[in-house]
$ cat protein.cif   # mmCIF, C-alpha atoms
data_model
loop_
_atom_site.group_PDB
_atom_site.id
_atom_site.type_symbol
_atom_site.label_atom_id
_atom_site.label_comp_id
_atom_site.auth_asym_id
_atom_site.auth_seq_id
_atom_site.Cartn_x
_atom_site.Cartn_y
_atom_site.Cartn_z
ATOM 1 C CA MET F 566 28.893 19.438 33.018
ATOM 2 C CA SER F 567 25.744 17.623 32.023
ATOM 3 C CA LEU F 568 24.137 18.043 28.635
ATOM 4 C CA ILE F 569 20.445 17.727 27.850
ATOM 5 C CA PRO F 570 19.291 16.937 24.313
ATOM 6 C CA ALA F 571 17.203 19.765 22.897
ATOM 7 C CA GLY F 572 13.484 19.211 23.317
ATOM 8 C CA ARG F 573 13.841 16.429 25.826
ATOM 9 C CA PRO F 574 11.428 16.938 28.744
ATOM 10 C CA ILE F 575 13.060 16.912 32.154
ATOM 11 C CA THR F 576 12.002 17.519 35.734
ATOM 12 C CA VAL F 577 13.904 19.716 38.164
ATOM 13 C CA TYR F 578 13.116 18.720 41.741
ATOM 14 C CA LEU F 579 13.641 21.260 44.510
ATOM 15 C CA VAL F 580 14.240 19.745 47.948
ATOM 16 C CA GLY F 581 14.812 21.983 50.926
ATOM 17 C CA ASP F 582 13.210 24.182 53.573
ATOM 18 C CA SER F 583 10.922 27.205 53.919
ATOM 19 C CA THR F 584 13.249 29.611 52.136
ATOM 20 C CA MET F 585 12.662 27.563 48.958
ATOM 21 C CA SER F 586 9.118 26.237 49.410
ATOM 22 C CA VAL F 587 5.732 27.110 47.923
ATOM 23 C CA LYS F 588 3.611 29.144 50.351
ATOM 24 C CA GLN F 589 -0.100 28.932 51.079
ATOM 25 C CA THR F 590 -2.032 32.087 50.227
ATOM 26 C CA ARG F 591 -2.713 32.775 53.901
ATOM 27 C CA TYR F 592 1.017 33.459 54.341
ATOM 28 C CA TYR F 593 1.414 35.839 51.376
ATOM 29 C CA PRO F 594 3.360 37.954 50.657
ATOM 30 C CA GLU F 595 5.823 35.368 52.035
ATOM 31 C CA ALA F 596 7.409 33.474 49.157
ATOM 32 C CA GLY F 597 10.108 30.845 48.759
ATOM 33 C CA TRP F 598 12.646 31.393 45.990
ATOM 34 C CA GLY F 599 11.500 28.166 44.344
ATOM 35 C CA MET F 600 8.227 29.851 43.397
ATOM 36 C CA PRO F 601 9.579 32.352 40.821
ATOM 37 C CA PHE F 602 12.275 29.846 39.812
ATOM 38 C CA VAL F 603 9.550 27.861 38.034
ATOM 39 C CA TYR F 604 9.228 30.524 35.332
ATOM 40 C CA PHE F 605 12.845 30.658 34.176
ATOM 41 C CA PHE F 606 12.774 27.620 31.888
ATOM 42 C CA ASP F 607 11.333 26.559 28.566
ATOM 43 C CA GLU F 608 8.233 24.391 28.251
ATOM 44 C CA GLY F 609 10.314 21.215 28.202
ATOM 45 C CA VAL F 610 11.304 21.722 31.847
ATOM 46 C CA LYS F 611 8.993 21.055 34.775
ATOM 47 C CA VAL F 612 10.066 22.418 38.150
ATOM 48 C CA ASP F 613 8.651 20.238 40.929
ATOM 49 C CA ASN F 614 9.071 22.057 44.237
ATOM 50 C CA ARG F 615 9.044 19.537 47.111
ATOM 51 C CA ALA F 616 10.650 21.885 49.655
ATOM 52 C CA MET F 617 8.777 22.145 52.949
ATOM 53 C CA ASN F 618 8.745 24.617 55.810
ATOM 54 C CA GLY F 619 10.761 23.636 58.872
ATOM 55 C CA ARG F 620 12.439 20.591 57.390
ATOM 56 C CA SER F 621 16.013 19.456 57.800
ATOM 57 C CA THR F 622 17.762 16.761 55.811
ATOM 58 C CA ARG F 623 16.780 14.225 58.465
ATOM 59 C CA THR F 624 13.114 15.148 58.832
ATOM 60 C CA PHE F 625 12.733 15.429 55.054
ATOM 61 C CA ILE F 626 13.870 11.802 54.829
ATOM 62 C CA GLU F 627 12.026 10.531 57.901
ATOM 63 C CA GLU F 628 8.702 11.988 56.792
ATOM 64 C CA GLY F 629 8.928 10.146 53.488
ATOM 65 C CA ARG F 630 9.468 13.281 51.401
ATOM 66 C CA TRP F 631 12.730 12.196 49.797
ATOM 67 C CA GLN F 632 11.860 8.663 48.696
ATOM 68 C CA PRO F 633 9.119 9.709 46.229
ATOM 69 C CA VAL F 634 11.622 12.051 44.588
ATOM 70 C CA ALA F 635 14.251 9.309 44.329
ATOM 71 C CA ASP F 636 11.658 6.899 42.948
ATOM 72 C CA SER F 637 10.434 9.381 40.335
ATOM 73 C CA LEU F 638 13.822 10.429 38.959
ATOM 74 C CA ARG F 639 14.585 9.756 35.322
ATOM 75 C CA GLU F 640 17.821 10.065 33.408
ATOM 76 C CA GLY F 641 18.637 13.722 32.792
ATOM 77 C CA ASP F 642 16.516 15.121 35.621
ATOM 78 C CA TYR F 643 17.968 17.485 38.203
ATOM 79 C CA VAL F 644 17.708 17.715 41.992
ATOM 80 C CA LEU F 645 18.532 21.071 43.599
ATOM 81 C CA ILE F 646 19.266 20.462 47.278
ATOM 82 C CA GLN F 647 19.238 23.290 49.838
ATOM 83 C CA PHE F 648 19.196 22.540 53.546
ATOM 84 C CA GLY F 649 20.873 23.908 56.663
ATOM 85 C CA HIS F 650 18.500 26.406 58.270
ATOM 86 C CA ASN F 651 16.771 23.748 60.359
ATOM 87 C CA ASP F 652 19.613 21.242 60.562
ATOM 88 C CA GLU F 653 21.938 23.663 62.346
ATOM 89 C CA VAL F 654 19.747 24.854 65.240
ATOM 90 C CA LYS F 655 20.357 22.635 68.256
ATOM 91 C CA THR F 656 17.160 23.729 69.993
ATOM 92 C CA LYS F 657 14.955 22.530 67.128
ATOM 93 C CA LYS F 658 13.553 19.022 66.837
ATOM 94 C CA SER F 659 14.852 19.061 63.271
ATOM 95 C CA TYR F 660 18.480 19.401 64.432
ATOM 96 C CA VAL F 661 21.035 17.200 62.710
ATOM 97 C CA ASP F 662 24.643 17.039 63.860
ATOM 98 C CA GLU F 663 27.416 17.848 61.410
ATOM 99 C CA ALA F 664 28.242 14.259 60.493
ATOM 100 C CA GLY F 665 24.591 13.352 60.018
ATOM 101 C CA PHE F 666 23.979 16.418 57.878
ATOM 102 C CA GLN F 667 26.806 15.495 55.549
ATOM 103 C CA GLN F 668 25.741 11.845 55.392
ATOM 104 C CA ASN F 669 22.244 12.895 54.348
ATOM 105 C CA LEU F 670 23.605 15.165 51.621
ATOM 106 C CA VAL F 671 25.754 12.308 50.330
ATOM 107 C CA ARG F 672 22.682 10.072 50.277
ATOM 108 C CA PHE F 673 20.782 12.618 48.177
ATOM 109 C CA ILE F 674 23.709 12.806 45.751
ATOM 110 C CA GLU F 675 24.255 9.063 45.452
ATOM 111 C CA GLU F 676 20.581 8.187 45.007
ATOM 112 C CA THR F 677 20.175 10.933 42.426
ATOM 113 C CA ARG F 678 23.178 9.749 40.454
ATOM 114 C CA ALA F 679 21.962 6.151 40.657
ATOM 115 C CA LYS F 680 19.079 7.222 38.419
ATOM 116 C CA LYS F 681 21.482 9.021 36.041
ATOM 117 C CA ALA F 682 20.067 12.320 37.228
ATOM 118 C CA TYR F 683 22.086 15.343 38.342
ATOM 119 C CA PRO F 684 22.366 16.617 41.934
ATOM 120 C CA VAL F 685 23.218 20.263 42.606
ATOM 121 C CA LEU F 686 24.045 21.298 46.174
ATOM 122 C CA ILE F 687 23.084 24.770 47.395
ATOM 123 C CA THR F 688 24.359 26.397 50.575
ATOM 124 C CA PRO F 689 21.639 27.810 52.883
ATOM 125 C CA VAL F 690 20.530 31.279 51.858
ATOM 126 C CA ALA F 691 21.650 34.074 54.181
ATOM 127 C CA ARG F 692 19.528 35.612 56.903
ATOM 128 C CA ARG F 693 19.341 39.385 57.095
ATOM 129 C CA SER F 694 21.710 40.162 59.963
ATOM 130 C CA PHE F 695 23.919 43.259 60.149
ATOM 131 C CA ASP F 696 26.288 44.402 62.878
ATOM 132 C CA ALA F 697 26.340 47.904 64.344
ATOM 133 C CA ASP F 698 28.675 49.062 61.568
ATOM 134 C CA GLY F 699 26.319 47.863 58.824
ATOM 135 C CA LYS F 700 28.369 44.794 57.904
ATOM 136 C CA ILE F 701 26.464 41.649 56.964
ATOM 137 C CA GLN F 702 26.916 38.813 59.446
ATOM 138 C CA GLU F 703 27.611 35.181 58.605
ATOM 139 C CA THR F 704 24.619 33.219 59.911
ATOM 140 C CA HIS F 705 25.388 29.771 58.459
ATOM 141 C CA ALA F 706 29.167 29.604 58.807
ATOM 142 C CA VAL F 707 29.424 25.963 59.897
ATOM 143 C CA TYR F 708 26.660 24.310 57.889
ATOM 144 C CA ALA F 709 27.329 26.256 54.702
ATOM 145 C CA GLN F 710 30.925 25.028 54.853
ATOM 146 C CA LEU F 711 29.709 21.468 55.386
ATOM 147 C CA VAL F 712 27.770 21.740 52.124
ATOM 148 C CA ARG F 713 30.857 23.063 50.340
ATOM 149 C CA ASP F 714 32.933 20.208 51.719
ATOM 150 C CA VAL F 715 30.451 17.568 50.564
ATOM 151 C CA ALA F 716 30.260 19.127 47.117
ATOM 152 C CA ALA F 717 34.041 19.068 46.808
ATOM 153 C CA ALA F 718 34.373 15.491 48.068
ATOM 154 C CA GLN F 719 31.583 14.227 45.822
ATOM 155 C CA GLN F 720 32.570 16.390 42.850
ATOM 156 C CA ALA F 721 29.025 17.722 42.744
ATOM 157 C CA PRO F 722 28.060 21.161 41.409
ATOM 158 C CA LEU F 723 27.742 23.766 44.154
ATOM 159 C CA ILE F 724 25.704 26.954 44.129
ATOM 160 C CA ASP F 725 27.020 29.045 47.009
ATOM 161 C CA LEU F 726 23.809 30.929 47.729
ATOM 162 C CA ASP F 727 25.002 31.768 51.245
ATOM 163 C CA LYS F 728 27.885 33.737 49.742
ATOM 164 C CA THR F 729 25.985 35.406 46.901
ATOM 165 C CA SER F 730 22.978 36.340 49.026
ATOM 166 C CA GLN F 731 25.251 37.875 51.656
ATOM 167 C CA ALA F 732 26.861 39.964 48.929
ATOM 168 C CA LEU F 733 23.453 41.129 47.706
ATOM 169 C CA LEU F 734 22.314 42.077 51.202
ATOM 170 C CA GLN F 735 25.574 43.914 51.848
ATOM 171 C CA LYS F 736 25.190 45.858 48.611
ATOM 172 C CA MET F 737 21.636 46.867 49.538
ATOM 173 C CA GLY F 738 22.549 47.718 53.124
ATOM 174 C CA PRO F 739 20.720 47.351 56.449
ATOM 175 C CA GLU F 740 17.726 49.488 55.515
ATOM 176 C CA ASN F 741 17.089 48.725 51.840
ATOM 177 C CA SER F 742 17.547 44.992 52.368
ATOM 178 C CA LYS F 743 14.335 44.993 54.412
ATOM 179 C CA MET F 744 12.535 45.283 51.073
ATOM 180 C CA LEU F 745 13.388 41.626 50.372
ATOM 181 C CA PHE F 746 12.003 40.190 53.601
ATOM 182 C CA LEU F 747 8.736 40.091 55.510
ATOM 183 C CA HIS F 748 8.877 43.541 57.058
ATOM 184 C CA MET F 749 5.392 45.010 57.427
ATOM 185 C CA ALA F 750 3.878 47.578 59.709
ATOM 186 C CA PRO F 751 0.642 46.810 61.582
ATOM 187 C CA GLY F 752 -2.306 47.031 59.195
ATOM 188 C CA GLU F 753 -0.121 46.976 56.094
ATOM 189 C CA HIS F 754 -1.286 43.527 54.963
ATOM 190 C CA PRO F 755 -4.465 41.625 55.906
ATOM 191 C CA ASN F 756 -2.529 38.402 56.506
ATOM 192 C CA TYR F 757 -0.418 40.165 59.147
ATOM 193 C CA PRO F 758 -2.720 42.627 60.936
ATOM 194 C CA GLU F 759 -0.217 43.078 63.749
ATOM 195 C CA GLY F 760 2.688 43.542 61.342
ATOM 196 C CA LYS F 761 5.708 41.320 60.820
ATOM 197 C CA GLU F 762 9.472 41.566 61.135
ATOM 198 C CA ASP F 763 11.079 38.433 59.741
ATOM 199 C CA ASN F 764 14.702 38.399 58.592
ATOM 200 C CA THR F 765 14.708 34.815 57.332
ATOM 201 C CA HIS F 766 11.728 34.559 54.984
ATOM 202 C CA PHE F 767 11.297 36.493 51.774
ATOM 203 C CA ASN F 768 8.529 38.505 50.225
ATOM 204 C CA GLU F 769 7.881 38.171 46.500
ATOM 205 C CA LEU F 770 10.664 40.584 45.541
ATOM 206 C CA GLY F 771 13.154 38.827 47.795
ATOM 207 C CA ALA F 772 12.213 35.404 46.454
ATOM 208 C CA ARG F 773 12.718 36.652 42.913
ATOM 209 C CA LYS F 774 16.124 38.133 43.746
ATOM 210 C CA MET F 775 17.310 34.888 45.377
ATOM 211 C CA ALA F 776 16.016 32.802 42.473
ATOM 212 C CA GLU F 777 17.957 35.068 40.111
ATOM 213 C CA LEU F 778 21.134 34.428 42.116
ATOM 214 C CA VAL F 779 20.647 30.686 41.729
ATOM 215 C CA LEU F 780 19.990 31.089 38.017
ATOM 216 C CA ALA F 781 23.072 33.270 37.550
ATOM 217 C CA ASP F 782 25.254 30.611 39.165
ATOM 218 C CA LEU F 783 23.750 27.872 37.001
ATOM 219 C CA LYS F 784 24.709 29.918 33.959
ATOM 220 C CA ALA F 785 28.159 30.889 35.231
ATOM 221 C CA GLN F 786 29.063 27.259 35.902
ATOM 222 C CA LYS F 787 27.587 26.154 32.564
ATOM 223 C CA ILE F 788 25.462 23.544 34.284
ATOM 224 C CA GLY F 789 23.446 21.813 31.560
ATOM 225 C CA LEU F 790 20.135 23.006 32.956
ATOM 226 C CA ALA F 791 21.119 26.565 32.063
ATOM 227 C CA ASP F 792 20.710 25.652 28.387
ATOM 228 C CA ARG F 793 16.954 25.389 28.970
ATOM 229 C CA VAL F 794 16.517 28.891 30.376
ATOM 230 C CA VAL F 795 13.959 30.969 28.487
ATOM 231 C CA LYS F 796 15.670 33.504 26.256
ATOM 232 C CA TYR F 797 14.273 36.968 26.882
#
$ encode --input "protein.cif" --output "C-alpha cells"
Amino acid sequence: MSLIPAGRPITVYLVGDSTMSVKQTRYYPEAGWGMPFVYFFDEGVKVDNRAMNGRSTRTFIEEGRWQPVADSLREGDYVLIQFGHNDEVKTKKSYVDEAGFQQNLVRFIEETRAKKAYPVLITPVARRSFDADGKIQETHAVYAQLVRDVAAAQQAPLIDLDKTSQALLQKMGPENSKMLFLHMAPGEHPNYPEGKEDNTHFNELGARKMAELVLADLKAQKIGLADRVVKY
C-alpha cells in the first residue's frame, strides 16, 4: 500500500452522494459520514468533502464536480469514491446503467493515478431495511458488486461499507438501528416539525458510526492514510 512521508501535507478528497456529504444547518441533525471523518487525522491532512446530495457518478461528472478534483490532485493525495445510491435507481434522472457506472469509476481511478494520487473505492452504505424476521436486507446488491468488481480489476483498494454497515445494523437490530438514522417524532426537532422517518440518511450518531467503519477498514488494510490518524 501507499506510504506518506511523515509531516508531508496531503489532501483527502471525498467524492460521492448525500450519505457522505456536508449538510446545511437547516437539515440538521442529518449528517453525512464525511463530516465526522474530517476529525480523524493529524494536522497534516486536509479532508476536502466534495460529495453532493443526489449525485451519481454521471451527474457528478456532468455538473463539473469531478474535474476540479482531478485538476487539484497532487502526488500522495487520496480520493475516496462512494457512489451507487443514485446511480442504481432507474426512476431517477441520475440513473446510470451498469456499464456506465463501472466506466465512470474506472475514470476516477485512472485520473487519480495519473496525478500519482491514490484512489480508494467504497461500496454504497446500506439502507436500514429489515424483513419480518428482523434480518437486514441487501439494498445495493447489484451496484455494490459492480464496485467490488472494478476494484478487483483495477487493483484498487476497496472499503466494503455496504457489507460492514449491514453487519452493524444487524447487530443493533430493527429498533435500535433507528438511532442512527433520521427518525424523529412530530415536534421533536424544529427543522422537522412534522417528524421524519428516513432510513437512508444518518443523524450525527449514525454518521459517526459509518465514518468509524471506514476508518477501521483503512487501518485493517494498512492503507497509507491510516498512518496519519490521530492517536488517542
$ resolve_selection --input "protein.cif" --expression "the PyMOL selection byres ((chain F and resi 705) around 9)" --output "list in words"
Gly649, His650, Glu653, Thr688, Pro689, Val690, Ala691, Arg692, Glu703, Thr704, Ala706, Val707, Tyr708, Ala709, Gln710 and Asp727 of chain F
$ atom_distance --input "protein.cif" --atom1 "atom CA of F:Lys658" --atom2 "atom CA of F:Gly771"
27.5 Å
$ atom_distance --input "protein.cif" --atom1 "atom CA of F:Thr622" --atom2 "atom CA of F:Ala716"
15.4 Å
$ residues_around --input "protein.cif" --residues "F:Ala776" --least-positions-apart "4" --cutoff "8 Å" --atoms "only C-alpha atoms" --output "ChimeraX atom specification"
/F:598-599,601-602,772,780
$ closest_residue --input "protein.cif" --among "F:Ala791, F:Val671, F:Val587, F:Ala721" --to "F:Phe767" --atoms "only C-alpha atoms"
F:Val587
$ residues_around --input "protein.cif" --residues "F:Val661" --least-positions-apart "6" --cutoff "12 Å" --atoms "all atoms listed in the file" --output "number ranges by chain"
F: 620-626, 648-655, 667-670, 708
$ build_atoms --input "protein.cif" --residues "stretch 732-755 of chain F" --atoms "N, CA and C atoms" --output "PDB file, in the coordinates of the input"
ATOM      1  N   ALA F 732      26.338  38.856  49.733  1.00  0.00           N
ATOM      2  CA  ALA F 732      26.861  39.964  48.929  1.00  0.00           C
ATOM      3  C   ALA F 732      25.733  40.891  48.487  1.00  0.00           C
ATOM      4  N   LEU F 733      24.597  40.313  48.104  1.00  0.00           N
ATOM      5  CA  LEU F 733      23.453  41.129  47.706  1.00  0.00           C
ATOM      6  C   LEU F 733      22.944  41.966  48.878  1.00  0.00           C
ATOM      7  N   LEU F 734      22.808  41.347  50.029  1.00  0.00           N
ATOM      8  CA  LEU F 734      22.314  42.077  51.202  1.00  0.00           C
ATOM      9  C   LEU F 734      23.284  43.185  51.609  1.00  0.00           C
ATOM     10  N   GLN F 735      24.585  42.896  51.518  1.00  0.00           N
ATOM     11  CA  GLN F 735      25.574  43.914  51.848  1.00  0.00           C
ATOM     12  C   GLN F 735      25.484  45.089  50.890  1.00  0.00           C
ATOM     13  N   LYS F 736      25.300  44.797  49.618  1.00  0.00           N
ATOM     14  CA  LYS F 736      25.190  45.858  48.611  1.00  0.00           C
ATOM     15  C   LYS F 736      23.962  46.729  48.876  1.00  0.00           C
ATOM     16  N   MET F 737      22.863  46.107  49.282  1.00  0.00           N
ATOM     17  CA  MET F 737      21.636  46.867  49.538  1.00  0.00           C
ATOM     18  C   MET F 737      21.705  47.631  50.852  1.00  0.00           C
ATOM     19  N   GLY F 738      22.392  47.059  51.839  1.00  0.00           N
ATOM     20  CA  GLY F 738      22.549  47.718  53.124  1.00  0.00           C
ATOM     21  C   GLY F 738      21.463  47.369  54.112  1.00  0.00           C
ATOM     22  N   PRO F 739      21.645  47.744  55.387  1.00  0.00           N
ATOM     23  CA  PRO F 739      20.720  47.351  56.449  1.00  0.00           C
ATOM     24  C   PRO F 739      19.279  47.802  56.228  1.00  0.00           C
ATOM     25  N   GLU F 740      19.082  48.970  55.665  1.00  0.00           N
ATOM     26  CA  GLU F 740      17.726  49.488  55.515  1.00  0.00           C
ATOM     27  C   GLU F 740      17.057  48.968  54.241  1.00  0.00           C
ATOM     28  N   ASN F 741      17.694  49.133  53.108  1.00  0.00           N
ATOM     29  CA  ASN F 741      17.089  48.725  51.840  1.00  0.00           C
ATOM     30  C   ASN F 741      16.865  47.221  51.740  1.00  0.00           C
ATOM     31  N   SER F 742      17.696  46.450  52.427  1.00  0.00           N
ATOM     32  CA  SER F 742      17.547  44.992  52.368  1.00  0.00           C
ATOM     33  C   SER F 742      16.249  44.515  53.017  1.00  0.00           C
ATOM     34  N   LYS F 743      15.639  45.351  53.830  1.00  0.00           N
ATOM     35  CA  LYS F 743      14.335  44.993  54.412  1.00  0.00           C
ATOM     36  C   LYS F 743      13.283  44.784  53.328  1.00  0.00           C
ATOM     37  N   MET F 744      13.501  45.394  52.167  1.00  0.00           N
ATOM     38  CA  MET F 744      12.535  45.283  51.073  1.00  0.00           C
ATOM     39  C   MET F 744      12.432  43.862  50.525  1.00  0.00           C
ATOM     40  N   LEU F 745      13.387  42.997  50.875  1.00  0.00           N
ATOM     41  CA  LEU F 745      13.388  41.626  50.372  1.00  0.00           C
ATOM     42  C   LEU F 745      12.726  40.638  51.335  1.00  0.00           C
ATOM     43  N   PHE F 746      12.482  41.083  52.549  1.00  0.00           N
ATOM     44  CA  PHE F 746      12.003  40.190  53.601  1.00  0.00           C
ATOM     45  C   PHE F 746      10.609  40.597  54.080  1.00  0.00           C
ATOM     46  N   LEU F 747      10.063  39.794  54.961  1.00  0.00           N
ATOM     47  CA  LEU F 747       8.736  40.091  55.510  1.00  0.00           C
ATOM     48  C   LEU F 747       8.860  41.165  56.585  1.00  0.00           C
ATOM     49  N   HIS F 748       8.861  42.401  56.151  1.00  0.00           N
ATOM     50  CA  HIS F 748       8.877  43.541  57.058  1.00  0.00           C
ATOM     51  C   HIS F 748       7.637  44.372  56.755  1.00  0.00           C
ATOM     52  N   MET F 749       6.653  44.297  57.638  1.00  0.00           N
ATOM     53  CA  MET F 749       5.392  45.010  57.427  1.00  0.00           C
ATOM     54  C   MET F 749       4.938  45.675  58.708  1.00  0.00           C
ATOM     55  N   ALA F 750       4.433  46.864  58.564  1.00  0.00           N
ATOM     56  CA  ALA F 750       3.878  47.578  59.709  1.00  0.00           C
ATOM     57  C   ALA F 750       2.487  47.036  60.033  1.00  0.00           C
ATOM     58  N   PRO F 751       2.014  47.229  61.252  1.00  0.00           N
ATOM     59  CA  PRO F 751       0.642  46.810  61.582  1.00  0.00           C
ATOM     60  C   PRO F 751      -0.365  47.414  60.611  1.00  0.00           C
ATOM     61  N   GLY F 752      -1.277  46.583  60.115  1.00  0.00           N
ATOM     62  CA  GLY F 752      -2.306  47.031  59.195  1.00  0.00           C
ATOM     63  C   GLY F 752      -1.875  47.132  57.747  1.00  0.00           C
ATOM     64  N   GLU F 753      -0.625  46.837  57.473  1.00  0.00           N
ATOM     65  CA  GLU F 753      -0.121  46.976  56.094  1.00  0.00           C
ATOM     66  C   GLU F 753      -0.613  45.849  55.190  1.00  0.00           C
ATOM     67  N   HIS F 754      -0.821  44.667  55.764  1.00  0.00           N
ATOM     68  CA  HIS F 754      -1.286  43.527  54.963  1.00  0.00           C
ATOM     69  C   HIS F 754      -2.302  42.733  55.779  1.00  0.00           C
ATOM     70  N   PRO F 755      -3.419  42.328  55.150  1.00  0.00           N
ATOM     71  CA  PRO F 755      -4.465  41.625  55.906  1.00  0.00           C
ATOM     72  C   PRO F 755      -4.027  40.296  56.507  1.00  0.00           C
TER      73      PRO F 755
END
